[in-house]
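Pasting input_24.cif here (mmCIF, C-alpha atoms and all ligand atoms):
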data_my_file
#
loop_
_atom_site.group_PDB
_atom_site.id
_atom_site.type_symbol
_atom_site.label_atom_id
_atom_site.label_comp_id
_atom_site.auth_asym_id
_atom_site.auth_seq_id
_atom_site.Cartn_x
_atom_site.Cartn_y
_atom_site.Cartn_z
ATOM 1 C CA MET A 1271 -237.132 289.017 77.597
ATOM 2 C CA PRO A 1272 -237.883 286.818 74.603
ATOM 3 C CA SER A 1273 -239.470 283.485 75.329
ATOM 4 C CA ILE A 1274 -237.135 280.608 74.625
ATOM 5 C CA SER A 1275 -238.525 277.138 74.115
ATOM 6 C CA SER A 1276 -236.976 274.519 76.339
ATOM 7 C CA ASN A 1277 -235.738 272.312 73.501
ATOM 8 C CA LYS A 1278 -233.036 274.873 72.804
ATOM 9 C CA PRO A 1279 -229.707 274.031 74.444
ATOM 10 C CA TYR A 1280 -229.302 277.523 75.867
ATOM 11 C CA ARG A 1281 -230.937 280.185 77.997
ATOM 12 C CA VAL A 1282 -230.369 283.865 78.671
ATOM 13 C CA GLY A 1283 -228.959 284.484 82.132
ATOM 14 C CA ARG A 1284 -226.944 286.794 84.321
ATOM 15 C CA SER A 1285 -223.307 287.027 83.408
ATOM 16 C CA ARG A 1286 -220.395 289.069 84.728
ATOM 17 C CA THR A 1287 -221.134 291.902 82.321
ATOM 18 C CA GLY A 1288 -224.922 291.864 82.368
ATOM 19 C CA LEU A 1289 -226.755 289.224 80.398
ATOM 20 C CA GLY A 1290 -225.270 286.298 78.563
ATOM 21 C CA LEU A 1291 -226.191 283.054 76.869
ATOM 22 C CA PHE A 1292 -225.660 279.847 78.831
ATOM 23 C CA ALA A 1293 -225.743 276.214 77.808
ATOM 24 C CA THR A 1294 -228.580 274.202 79.367
ATOM 25 C CA GLN A 1295 -227.518 270.935 77.736
ATOM 26 C CA PRO A 1296 -224.180 269.512 76.675
ATOM 27 C CA ILE A 1297 -223.276 271.033 73.297
ATOM 28 C CA LYS A 1298 -220.866 269.052 71.197
ATOM 29 C CA LYS A 1299 -217.932 270.709 69.475
ATOM 30 C CA GLY A 1300 -218.910 271.626 65.911
ATOM 31 C CA THR A 1301 -222.626 272.034 66.659
ATOM 32 C CA ARG A 1302 -224.474 275.037 65.263
ATOM 33 C CA ILE A 1303 -225.938 276.581 68.396
ATOM 34 C CA ILE A 1304 -227.925 279.543 67.156
ATOM 35 C CA ARG A 1305 -228.260 281.876 64.211
ATOM 36 C CA TYR A 1306 -227.258 285.508 64.508
ATOM 37 C CA PHE A 1307 -229.842 287.390 62.508
ATOM 38 C CA GLY A 1308 -231.522 290.713 61.843
ATOM 39 C CA PRO A 1309 -232.266 293.143 59.039
ATOM 40 C CA LEU A 1310 -229.599 293.357 56.350
ATOM 41 C CA LEU A 1311 -228.090 296.806 55.993
ATOM 42 C CA ASP A 1312 -226.780 297.904 52.630
ATOM 43 C CA SER A 1313 -223.754 300.174 52.947
ATOM 44 C CA LYS A 1314 -224.662 301.664 49.558
ATOM 45 C CA LYS A 1315 -227.802 303.134 51.097
ATOM 46 C CA LYS A 1316 -226.920 306.235 53.047
ATOM 47 C CA ASP A 1317 -229.585 305.849 55.743
ATOM 48 C CA GLU A 1318 -228.720 302.179 56.316
ATOM 49 C CA ASP A 1319 -224.991 302.883 56.332
ATOM 50 C CA ALA A 1320 -225.570 305.529 58.992
ATOM 51 C CA ILE A 1321 -227.054 303.029 61.477
ATOM 52 C CA GLU A 1322 -224.718 302.511 64.395
ATOM 53 C CA ASN A 1323 -225.111 300.096 67.310
ATOM 54 C CA LYS A 1324 -223.159 297.438 69.153
ATOM 55 C CA TYR A 1325 -224.864 294.551 67.365
ATOM 56 C CA LEU A 1326 -223.777 295.171 63.796
ATOM 57 C CA PHE A 1327 -222.255 292.134 62.176
ATOM 58 C CA GLU A 1328 -220.374 292.924 59.001
ATOM 59 C CA LEU A 1329 -220.829 290.169 56.417
ATOM 60 C CA THR A 1330 -219.056 291.755 53.454
ATOM 61 C CA ASN A 1331 -217.975 295.238 52.459
ATOM 62 C CA ARG A 1332 -221.529 295.846 51.371
ATOM 63 C CA TRP A 1333 -223.775 293.872 53.717
ATOM 64 C CA THR A 1334 -224.126 294.107 57.456
ATOM 65 C CA ILE A 1335 -226.558 292.330 59.768
ATOM 66 C CA ASP A 1336 -228.243 294.582 62.304
ATOM 67 C CA GLY A 1337 -228.552 292.156 65.195
ATOM 68 C CA SER A 1338 -230.045 294.639 67.633
ATOM 69 C CA ILE A 1339 -233.595 293.278 67.279
ATOM 70 C CA ARG A 1340 -235.112 291.547 70.318
ATOM 71 C CA GLU A 1341 -235.758 288.309 68.461
ATOM 72 C CA ASN A 1342 -232.052 287.850 67.850
ATOM 73 C CA VAL A 1343 -231.250 285.934 71.021
ATOM 74 C CA ALA A 1344 -227.685 285.396 69.759
ATOM 75 C CA ARG A 1345 -227.044 289.044 70.529
ATOM 76 C CA TYR A 1346 -226.844 288.057 74.208
ATOM 77 C CA ILE A 1347 -223.707 286.041 73.544
ATOM 78 C CA ASN A 1348 -220.769 287.847 75.087
ATOM 79 C CA HIS A 1349 -217.315 288.240 73.688
ATOM 80 C CA ALA A 1350 -214.435 286.129 74.988
ATOM 81 C CA CYS A 1351 -210.793 286.202 73.992
ATOM 82 C CA ARG A 1352 -210.616 282.411 74.452
ATOM 83 C CA PRO A 1353 -214.134 281.446 73.439
ATOM 84 C CA ASN A 1354 -215.938 278.100 73.216
ATOM 85 C CA ALA A 1355 -217.802 279.076 70.039
ATOM 86 C CA GLU A 1356 -217.189 281.003 66.840
ATOM 87 C CA SER A 1357 -219.193 282.894 64.273
ATOM 88 C CA ASP A 1358 -219.618 280.855 61.148
ATOM 89 C CA VAL A 1359 -220.206 283.399 58.412
ATOM 90 C CA LYS A 1360 -221.871 282.484 55.122
ATOM 91 C CA PRO A 1361 -221.413 285.701 53.147
ATOM 92 C CA ARG A 1362 -223.161 284.516 49.994
ATOM 93 C CA LYS A 1363 -226.186 283.299 51.960
ATOM 94 C CA ARG A 1364 -225.857 286.411 54.123
ATOM 95 C CA LYS A 1365 -226.184 284.278 57.185
ATOM 96 C CA VAL A 1366 -224.235 283.898 60.397
ATOM 97 C CA PHE A 1367 -224.354 280.945 62.777
ATOM 98 C CA ILE A 1368 -222.702 280.580 66.122
ATOM 99 C CA ARG A 1369 -220.983 277.217 66.295
ATOM 100 C CA ALA A 1370 -219.334 275.403 69.208
ATOM 101 C CA ILE A 1371 -215.590 274.989 68.828
ATOM 102 C CA LYS A 1372 -215.326 273.080 72.116
ATOM 103 C CA ASN A 1373 -217.584 270.696 73.959
ATOM 104 C CA ILE A 1374 -219.716 272.968 76.120
ATOM 105 C CA GLU A 1375 -221.138 271.770 79.431
ATOM 106 C CA PRO A 1376 -224.551 272.756 80.829
ATOM 107 C CA GLY A 1377 -224.244 275.971 82.832
ATOM 108 C CA GLU A 1378 -221.250 277.176 80.854
ATOM 109 C CA GLU A 1379 -221.542 280.571 79.219
ATOM 110 C CA ILE A 1380 -221.361 280.533 75.433
ATOM 111 C CA ASN A 1381 -218.934 283.050 73.922
ATOM 112 C CA TYR A 1382 -217.276 283.875 70.682
ATOM 113 C CA ASP A 1383 -214.553 286.282 69.675
ATOM 114 C CA TYR A 1384 -216.124 289.490 68.352
ATOM 115 C CA GLY A 1385 -212.997 290.329 66.395
ATOM 116 C CA THR A 1386 -210.326 292.983 66.561
ATOM 117 C CA ASP A 1387 -212.411 295.936 65.359
ATOM 118 C CA TYR A 1388 -215.097 295.451 67.984
ATOM 119 C CA PHE A 1389 -212.493 294.758 70.661
ATOM 120 C CA LYS A 1390 -210.646 297.988 69.895
ATOM 121 C CA ALA A 1391 -213.805 300.082 69.673
ATOM 122 C CA TYR A 1392 -215.802 298.787 72.641
ATOM 123 C CA LEU A 1393 -213.815 296.456 74.902
ATOM 124 C CA LYS A 1394 -210.309 297.833 75.104
ATOM 125 C CA PRO A 1395 -211.441 301.252 76.446
ATOM 126 C CA ILE A 1396 -213.352 299.666 79.362
ATOM 127 C CA GLY A 1397 -211.195 296.551 79.778
ATOM 128 C CA CYS A 1398 -212.303 293.153 78.514
ATOM 129 C CA LYS A 1399 -214.157 291.216 81.255
ATOM 130 C CA CYS A 1400 -213.832 287.767 79.678
ATOM 131 C CA ASP A 1401 -212.494 284.860 81.743
ATOM 132 C CA ALA A 1402 -209.092 284.877 80.060
ATOM 133 C CA CYS A 1403 -208.630 288.617 80.613
ATOM 134 C CA GLU A 1404 -209.925 288.442 84.210
ATOM 135 C CA LYS A 1405 -207.471 285.618 84.888
ATOM 136 C CA LYS A 1406 -204.649 287.661 83.381
ATOM 137 C CA ARG A 1407 -205.630 290.653 85.513
ATOM 138 C CA LYS A 1408 -205.838 288.475 88.633
ATOM 139 C CA LYS A 1409 -202.383 287.071 87.935
ATOM 140 C CA LYS A 1410 -200.972 290.574 87.419
ATOM 141 C CA ARG A 1411 -202.573 291.758 90.651
ATOM 142 C CA ALA A 1412 -201.108 288.772 92.540
ATOM 143 C CA GLU A 1413 -197.694 289.466 91.030
ATOM 144 C CA ALA A 1414 -197.905 293.143 91.999
ATOM 145 C CA ARG A 1415 -198.948 292.146 95.513
ATOM 146 C CA ALA A 1416 -195.999 289.737 95.786
ATOM 147 C CA GLU A 1417 -193.639 292.430 94.527
ATOM 148 C CA ARG A 1418 -194.970 294.934 97.052
ATOM 149 C CA ALA A 1419 -194.550 292.370 99.849
ATOM 150 C CA ARG A 1420 -190.984 291.652 98.687
ATOM 151 C CA LEU A 1421 -190.098 295.363 98.692
ATOM 152 C CA LYS A 1422 -191.701 295.851 102.105
ATOM 153 C CA ALA A 1423 -189.710 292.929 103.562
ATOM 154 C CA LYS A 1424 -186.555 294.396 102.043
ATOM 155 C CA GLU A 1425 -187.282 297.820 103.580
ATOM 156 C CA GLU A 1426 -187.992 296.247 106.948
ATOM 157 C CA LYS A 1427 -184.741 294.298 106.859
ATOM 158 C CA LYS A 1428 -182.863 297.460 105.947
ATOM 159 C CA ALA A 1429 -184.501 299.383 108.783
ATOM 160 C CA GLN A 1430 -183.689 296.576 111.208
ATOM 161 C CA ARG A 1431 -180.046 296.516 110.132
ATOM 162 C CA LYS A 1432 -179.902 300.292 110.590
ATOM 163 C CA ALA A 1433 -181.425 300.045 114.063
ATOM 164 C CA GLU A 1434 -178.977 297.308 114.992
ATOM 165 C CA LYS A 1435 -176.049 299.386 113.796
ATOM 166 C CA ARG A 1436 -177.331 302.382 115.740
ATOM 167 C CA ALA A 1437 -177.644 300.273 118.882
ATOM 168 C CA GLU A 1438 -174.120 298.927 118.387
ATOM 169 C CA LYS A 1439 -172.740 302.446 118.022
ATOM 170 C CA LYS A 1440 -174.537 303.592 121.150
ATOM 171 C CA ALA A 1441 -173.214 300.636 123.123
ATOM 172 C CA LYS A 1442 -169.701 301.340 121.917
ATOM 173 C CA ALA A 1443 -169.982 305.011 122.817
ATOM 174 C CA ARG A 1444 -171.225 304.089 126.290
ATOM 175 C CA GLU A 1445 -168.335 301.681 126.671
ATOM 176 C CA GLU A 1446 -165.868 304.382 125.680
ATOM 177 C CA VAL A 1447 -167.341 306.865 128.176
ATOM 178 C CA ARG A 1448 -167.172 304.247 130.903
ATOM 179 C CA ALA A 1449 -163.530 303.429 130.038
ATOM 180 C CA LYS A 1450 -162.559 307.132 130.025
ATOM 181 C CA GLY A 1451 -164.359 307.690 133.324
ATOM 182 C CA THR A 1452 -162.398 304.871 134.942
ATOM 183 C CA THR A 1453 -159.062 306.269 133.765
ATOM 184 C CA ALA A 1454 -160.019 309.763 134.903
ATOM 185 C CA SER A 1455 -161.009 308.635 138.395
ATOM 186 C CA LYS A 1456 -157.837 306.537 138.677
ATOM 187 C CA ALA A 1457 -155.793 309.591 137.726
ATOM 188 C CA LYS A 1458 -157.729 311.672 140.274
ATOM 189 C CA LYS A 1459 -157.110 309.110 143.007
ATOM 190 C CA ALA A 1460 -153.439 308.889 142.096
ATOM 191 C CA ASN A 1461 -153.238 312.670 142.196
ATOM 192 C CA GLY A 1462 -154.815 312.833 145.600
ATOM 193 C CA LYS A 1463 -152.370 310.281 146.958
ATOM 194 C CA ALA A 1464 -149.486 312.271 145.604
ATOM 195 C CA LYS A 1465 -150.838 315.407 147.206
ATOM 196 C CA ARG A 1466 -151.270 313.680 150.500
ATOM 197 C CA LEU A 1467 -147.782 312.314 150.243
ATOM 198 C CA ASN A 1468 -146.533 315.754 149.453
ATOM 199 C CA GLY A 1469 -148.366 317.162 152.379
ATOM 200 C CA HIS A 1470 -146.902 314.493 154.539
ATOM 201 C CA ARG A 1471 -143.499 315.262 153.343
ATOM 202 C CA LEU A 1472 -144.115 318.902 154.038
ATOM 203 C CA VAL A 1473 -145.203 318.137 157.559
ATOM 204 C CA VAL A 1474 -142.161 315.946 158.087
HETATM 205 ZN ZN ZN B 1 -210.816 289.160 76.950
#
Render the structure in this file as structure tokens.
Ligand SMILES: [Zn+2]
Amino acid sequence: MPSISSNKPYRVGRSRTGLGLFATQPIKKGTRIIRYFGPLLDSKKKDEDAIENKYLFELTNRWTIDGSIRENVARYINHACRPNAESDVKPRKRKVFIRAIKNIEPGEEINYDYGTDYFKAYLKPIGCKCDACEKKRKKKRAEARAERARLKAKEEKKAQRKAEKRAEKKAKAREEVRAKGTTASKAKKANGKAKRLNGHRLVV
């Protein structure tokens, strides 16, 4: 890891996605934090145009900074969709500075928006891990959870209603059987009486 003198307002540290750059002192909005630098690649030179890595910073159609060198501490700065810094590009000077666009507190990670091309090529396929995107994902997960719970409650209510209806039907059926049984036994008893009476009459 490159040595960083302590008068710098940042340090390299562990972040969600690996390493990142963190403020060690309050950084005021508008402050140039660090320069993003490296060899300049000329797209007109075939061998230079063929270089491909994650740290290329396109200045103009012709010039690109290859920021993959160790000395370029700014390469540790992670992308964020709602960043606290931005890249301040000076195409004619062929220089890039990272500048605070918010007041940054000590301990806060410094980020800037890498831009649409980088996002599409490297972040979208694996899912952006920046705070804003994580928050969005968390919210979506919570919403999905709530929806699942709502559906489950609905199913349970439905099942309960069904069970209640079934129980009601059973009770009714039992009632009917009981009622029929009573009538049948009454009829039987009445029959028996009649027979006895008949018998009596026969005897008399
Ligand atoms: Zn994001």
Distance query Asn1342 of chain A at most 12 Å, only C-alpha atoms, self and fewer than 2 positions along chain excluded, as a PDB file with C-alpha atoms, in the coordinates of the input:
ATOM      1  CA  MET A1271    -237.132 289.017  77.597  1.00  0.00           C
ATOM      2  CA  PRO A1272    -237.883 286.818  74.603  1.00  0.00           C
ATOM      3  CA  SER A1273    -239.470 283.485  75.329  1.00  0.00           C
ATOM      4  CA  ILE A1274    -237.135 280.608  74.625  1.00  0.00           C
ATOM      5  CA  VAL A1282    -230.369 283.865  78.671  1.00  0.00           C
ATOM      6  CA  LEU A1291    -226.191 283.054  76.869  1.00  0.00           C
ATOM      7  CA  ILE A1304    -227.925 279.543  67.156  1.00  0.00           C
ATOM      8  CA  ARG A1305    -228.260 281.876  64.211  1.00  0.00           C
ATOM      9  CA  TYR A1306    -227.258 285.508  64.508  1.00  0.00           C
ATOM     10  CA  PHE A1307    -229.842 287.390  62.508  1.00  0.00           C
ATOM     11  CA  GLY A1308    -231.522 290.713  61.843  1.00  0.00           C
ATOM     12  CA  PRO A1309    -232.266 293.143  59.039  1.00  0.00           C
ATOM     13  CA  TYR A1325    -224.864 294.551  67.365  1.00  0.00           C
ATOM     14  CA  LEU A1326    -223.777 295.171  63.796  1.00  0.00           C
ATOM     15  CA  ILE A1335    -226.558 292.330  59.768  1.00  0.00           C
ATOM     16  CA  ASP A1336    -228.243 294.582  62.304  1.00  0.00           C
ATOM     17  CA  GLY A1337    -228.552 292.156  65.195  1.00  0.00           C
ATOM     18  CA  SER A1338    -230.045 294.639  67.633  1.00  0.00           C
ATOM     19  CA  ILE A1339    -233.595 293.278  67.279  1.00  0.00           C
ATOM     20  CA  ARG A1340    -235.112 291.547  70.318  1.00  0.00           C
ATOM     21  CA  ALA A1344    -227.685 285.396  69.759  1.00  0.00           C
ATOM     22  CA  ARG A1345    -227.044 289.044  70.529  1.00  0.00           C
ATOM     23  CA  TYR A1346    -226.844 288.057  74.208  1.00  0.00           C
ATOM     24  CA  ILE A1347    -223.707 286.041  73.544  1.00  0.00           C
ATOM     25  CA  VAL A1366    -224.235 283.898  60.397  1.00  0.00           C
ATOM     26  CA  PHE A1367    -224.354 280.945  62.777  1.00  0.00           C
ATOM     27  CA  ILE A1368    -222.702 280.580  66.122  1.00  0.00           C
TER      28      ILE A1368
END
Item to check | Neighbour list for Gly1377 of chain A as an MDAnalysis selection string, cut-off 10 Å, all atoms listed in the file, skip fewer than 2 positions in-chain | outcome: chainID A and resid 1280:1281 1283 1291:1296 1374:1375 1379:1380
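If you look at atom CA of Lys1365 of chain A and atom CA of Gly1288 of chain A, they are 26.3 Å away from each other.
The residues sitting within 10 Å of ligand ZN 1 (chain B), with only C-alpha atoms and all ligand atoms considered, come out as His1349, Ala1350, Cys1351, Arg1352, Pro1353, Asp1383, Phe1389, Leu1393, Lys1394, Gly1397, Cys1398, Lys1399, Cys1400, Asp1401, Ala1402, Cys1403, Glu1404, Lys1405 and Lys1406 of chain A.
Of note, atom CA of Thr1301 of chain A and atom CA of Asp1387 of chain A are spaced 26.0 Å apart.
Distance annotation: of A:Gln1430, A:Thr1386, A:Asn1354, A:Asn1331, the residue with the minimal separation from Asn1373 of chain A is A:Asn1354; atom set is all atoms listed in the file.
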Could you list, as a list in words, every residue matched by the PyMOL selection byres (((chain A and resi 1334) around 9) and not hetatm) in this structure?
Pro1309, Leu1310, Leu1311, Asp1312, Ser1313, Asp1319, Leu1326, Phe1327, Glu1328, Leu1329, Thr1330, Asn1331, Arg1332, Trp1333, Ile1335, Asp1336 and Arg1364 of chain A
Could those residues be written to a file, using C-alpha atoms, as a PDB file, in the coordinates of the input?
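This went into again-v1.pdb:
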ATOM      1  CA  PRO A1309    -232.266 293.143  59.039  1.00  0.00           C
ATOM      2  CA  LEU A1310    -229.599 293.357  56.350  1.00  0.00           C
ATOM      3  CA  LEU A1311    -228.090 296.806  55.993  1.00  0.00           C
ATOM      4  CA  ASP A1312    -226.780 297.904  52.630  1.00  0.00           C
ATOM      5  CA  SER A1313    -223.754 300.174  52.947  1.00  0.00           C
ATOM      6  CA  ASP A1319    -224.991 302.883  56.332  1.00  0.00           C
ATOM      7  CA  LEU A1326    -223.777 295.171  63.796  1.00  0.00           C
ATOM      8  CA  PHE A1327    -222.255 292.134  62.176  1.00  0.00           C
ATOM      9  CA  GLU A1328    -220.374 292.924  59.001  1.00  0.00           C
ATOM     10  CA  LEU A1329    -220.829 290.169  56.417  1.00  0.00           C
ATOM     11  CA  THR A1330    -219.056 291.755  53.454  1.00  0.00           C
ATOM     12  CA  ASN A1331    -217.975 295.238  52.459  1.00  0.00           C
ATOM     13  CA  ARG A1332    -221.529 295.846  51.371  1.00  0.00           C
ATOM     14  CA  TRP A1333    -223.775 293.872  53.717  1.00  0.00           C
ATOM     15  CA  ILE A1335    -226.558 292.330  59.768  1.00  0.00           C
ATOM     16  CA  ASP A1336    -228.243 294.582  62.304  1.00  0.00           C
ATOM     17  CA  ARG A1364    -225.857 286.411  54.123  1.00  0.00           C
TER      18      ARG A1364
END
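Note that the spacing between atom CA of Ile1303 of chain A and atom CA of Glu1378 of chain A amounts to 13.3 Å.
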- Message: Report as a ChimeraX atom specification all protein, DNA and RNA residues lying within 10 Å of Arg1302 of chain A, evaluated on all atoms listed in the file, omitting residues in the same chain fewer than 6 positions from it.
- Response: /A:1355-1358,1367-1371
Restricted to C-alpha atoms, what would the selected residues look like written as a compact mmCIF listing (two decimals), in the coordinates of the input?
# COMPACT_ATOMS: atom_id res chain seq x y z
CA ALA A 1355 -217.80 279.08 70.04
CA GLU A 1356 -217.19 281.00 66.84
CA SER A 1357 -219.19 282.89 64.27
CA ASP A 1358 -219.62 280.86 61.15
CA PHE A 1367 -224.35 280.94 62.78
CA ILE A 1368 -222.70 280.58 66.12
CA ARG A 1369 -220.98 277.22 66.30
CA ALA A 1370 -219.33 275.40 69.21
CA ILE A 1371 -215.59 274.99 68.83
Expected file for segment 1321-1331 of chain A keeping all heavy atoms, as a PDB file, in the first residue's frame:
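Writing done, so here's selection_24.pdb:
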ATOM      1  N   ILE A1321      -4.646  -0.560 -24.608  1.00  0.00           N
ATOM      2  CA  ILE A1321      -4.593  -0.778 -23.153  1.00  0.00           C
ATOM      3  C   ILE A1321      -6.002  -0.742 -22.577  1.00  0.00           C
ATOM      4  O   ILE A1321      -6.799   0.137 -22.908  1.00  0.00           O
ATOM      5  CB  ILE A1321      -3.685   0.281 -22.470  1.00  0.00           C
ATOM      6  CG1 ILE A1321      -2.227   0.035 -22.869  1.00  0.00           C
ATOM      7  CG2 ILE A1321      -3.856   0.256 -20.947  1.00  0.00           C
ATOM      8  CD1 ILE A1321      -1.251   1.101 -22.383  1.00  0.00           C
ATOM      9  N   GLU A1322      -6.297  -1.725 -21.763  1.00  0.00           N
ATOM     10  CA  GLU A1322      -7.640  -1.820 -21.185  1.00  0.00           C
ATOM     11  C   GLU A1322      -7.533  -2.149 -19.704  1.00  0.00           C
ATOM     12  O   GLU A1322      -6.927  -3.142 -19.340  1.00  0.00           O
ATOM     13  CB  GLU A1322      -8.413  -2.927 -21.939  1.00  0.00           C
ATOM     14  CG  GLU A1322      -9.893  -3.003 -21.642  1.00  0.00           C
ATOM     15  CD  GLU A1322     -10.624  -1.703 -21.953  1.00  0.00           C
ATOM     16  OE1 GLU A1322     -10.720  -1.350 -23.150  1.00  0.00           O
ATOM     17  OE2 GLU A1322     -11.089  -1.052 -21.007  1.00  0.00           O
ATOM     18  N   ASN A1323      -8.044  -1.299 -18.852  1.00  0.00           N
ATOM     19  CA  ASN A1323      -8.179  -1.622 -17.422  1.00  0.00           C
ATOM     20  C   ASN A1323      -9.281  -0.757 -16.823  1.00  0.00           C
ATOM     21  O   ASN A1323      -9.845   0.092 -17.495  1.00  0.00           O
ATOM     22  CB  ASN A1323      -6.841  -1.447 -16.679  1.00  0.00           C
ATOM     23  CG  ASN A1323      -6.377  -0.006 -16.657  1.00  0.00           C
ATOM     24  OD1 ASN A1323      -7.089   0.878 -16.181  1.00  0.00           O
ATOM     25  ND2 ASN A1323      -5.185   0.235 -17.194  1.00  0.00           N
ATOM     26  N   LYS A1324      -9.580  -1.017 -15.571  1.00  0.00           N
ATOM     27  CA  LYS A1324     -10.710  -0.354 -14.921  1.00  0.00           C
ATOM     28  C   LYS A1324     -10.416   1.089 -14.516  1.00  0.00           C
ATOM     29  O   LYS A1324     -11.284   1.779 -14.018  1.00  0.00           O
ATOM     30  CB  LYS A1324     -11.093  -1.141 -13.664  1.00  0.00           C
ATOM     31  CG  LYS A1324     -12.064  -2.258 -13.965  1.00  0.00           C
ATOM     32  CD  LYS A1324     -12.203  -3.222 -12.817  1.00  0.00           C
ATOM     33  CE  LYS A1324     -12.852  -2.652 -11.585  1.00  0.00           C
ATOM     34  NZ  LYS A1324     -13.239  -3.692 -10.620  1.00  0.00           N
ATOM     35  N   TYR A1325      -9.177   1.520 -14.689  1.00  0.00           N
ATOM     36  CA  TYR A1325      -8.782   2.832 -14.166  1.00  0.00           C
ATOM     37  C   TYR A1325      -8.537   3.868 -15.261  1.00  0.00           C
ATOM     38  O   TYR A1325      -7.916   4.895 -15.021  1.00  0.00           O
ATOM     39  CB  TYR A1325      -7.534   2.687 -13.282  1.00  0.00           C
ATOM     40  CG  TYR A1325      -7.777   1.748 -12.136  1.00  0.00           C
ATOM     41  CD1 TYR A1325      -7.339   0.427 -12.189  1.00  0.00           C
ATOM     42  CD2 TYR A1325      -8.477   2.176 -11.007  1.00  0.00           C
ATOM     43  CE1 TYR A1325      -7.588  -0.452 -11.135  1.00  0.00           C
ATOM     44  CE2 TYR A1325      -8.724   1.307  -9.953  1.00  0.00           C
ATOM     45  CZ  TYR A1325      -8.275   0.004 -10.029  1.00  0.00           C
ATOM     46  OH  TYR A1325      -8.527  -0.859  -8.989  1.00  0.00           O
ATOM     47  N   LEU A1326      -9.040   3.584 -16.446  1.00  0.00           N
ATOM     48  CA  LEU A1326      -8.855   4.534 -17.542  1.00  0.00           C
ATOM     49  C   LEU A1326      -9.812   5.706 -17.364  1.00  0.00           C
ATOM     50  O   LEU A1326     -10.993   5.517 -17.103  1.00  0.00           O
ATOM     51  CB  LEU A1326      -9.103   3.848 -18.887  1.00  0.00           C
ATOM     52  CG  LEU A1326      -8.175   2.679 -19.225  1.00  0.00           C
ATOM     53  CD1 LEU A1326      -8.509   2.114 -20.604  1.00  0.00           C
ATOM     54  CD2 LEU A1326      -6.703   3.103 -19.171  1.00  0.00           C
ATOM     55  N   PHE A1327      -9.268   6.883 -17.488  1.00  0.00           N
ATOM     56  CA  PHE A1327     -10.088   8.086 -17.370  1.00  0.00           C
ATOM     57  C   PHE A1327      -9.976   8.865 -18.669  1.00  0.00           C
ATOM     58  O   PHE A1327      -8.936   9.442 -18.981  1.00  0.00           O
ATOM     59  CB  PHE A1327      -9.619   8.942 -16.181  1.00  0.00           C
ATOM     60  CG  PHE A1327     -10.654   9.919 -15.716  1.00  0.00           C
ATOM     61  CD1 PHE A1327     -11.216   9.806 -14.447  1.00  0.00           C
ATOM     62  CD2 PHE A1327     -11.084  10.957 -16.550  1.00  0.00           C
ATOM     63  CE1 PHE A1327     -12.184  10.712 -14.022  1.00  0.00           C
ATOM     64  CE2 PHE A1327     -12.045  11.842 -16.127  1.00  0.00           C
ATOM     65  CZ  PHE A1327     -12.597  11.727 -14.862  1.00  0.00           C
ATOM     66  N   GLU A1328     -11.043   8.854 -19.435  1.00  0.00           N
ATOM     67  CA  GLU A1328     -11.018   9.507 -20.740  1.00  0.00           C
ATOM     68  C   GLU A1328     -11.114  11.021 -20.581  1.00  0.00           C
ATOM     69  O   GLU A1328     -12.069  11.535 -20.012  1.00  0.00           O
ATOM     70  CB  GLU A1328     -12.192   8.983 -21.569  1.00  0.00           C
ATOM     71  CG  GLU A1328     -11.944   9.103 -23.063  1.00  0.00           C
ATOM     72  CD  GLU A1328     -13.078   8.487 -23.881  1.00  0.00           C
ATOM     73  OE1 GLU A1328     -13.155   7.243 -23.923  1.00  0.00           O
ATOM     74  OE2 GLU A1328     -13.872   9.243 -24.451  1.00  0.00           O
ATOM     75  N   LEU A1329     -10.100  11.714 -21.074  1.00  0.00           N
ATOM     76  CA  LEU A1329     -10.078  13.185 -20.984  1.00  0.00           C
ATOM     77  C   LEU A1329     -10.764  13.809 -22.189  1.00  0.00           C
ATOM     78  O   LEU A1329     -11.591  14.704 -22.062  1.00  0.00           O
ATOM     79  CB  LEU A1329      -8.626  13.670 -20.957  1.00  0.00           C
ATOM     80  CG  LEU A1329      -7.877  13.507 -19.644  1.00  0.00           C
ATOM     81  CD1 LEU A1329      -6.409  13.826 -19.871  1.00  0.00           C
ATOM     82  CD2 LEU A1329      -8.452  14.418 -18.577  1.00  0.00           C
ATOM     83  N   THR A1330     -10.348  13.357 -23.366  1.00  0.00           N
ATOM     84  CA  THR A1330     -10.908  13.829 -24.635  1.00  0.00           C
ATOM     85  C   THR A1330     -11.001  12.605 -25.548  1.00  0.00           C
ATOM     86  O   THR A1330     -10.635  11.512 -25.142  1.00  0.00           O
ATOM     87  CB  THR A1330      -9.973  14.863 -25.299  1.00  0.00           C
ATOM     88  OG1 THR A1330      -8.723  14.219 -25.574  1.00  0.00           O
ATOM     89  CG2 THR A1330      -9.733  16.071 -24.422  1.00  0.00           C
ATOM     90  N   ASN A1331     -11.431  12.831 -26.764  1.00  0.00           N
ATOM     91  CA  ASN A1331     -11.468  11.724 -27.725  1.00  0.00           C
ATOM     92  C   ASN A1331     -10.080  11.127 -27.913  1.00  0.00           C
ATOM     93  O   ASN A1331      -9.936   9.942 -28.154  1.00  0.00           O
ATOM     94  CB  ASN A1331     -11.981  12.212 -29.083  1.00  0.00           C
ATOM     95  CG  ASN A1331     -13.499  12.213 -29.109  1.00  0.00           C
ATOM     96  OD1 ASN A1331     -14.129  11.520 -28.296  1.00  0.00           O
ATOM     97  ND2 ASN A1331     -14.078  12.983 -29.999  1.00  0.00           N
TER      98      ASN A1331
END
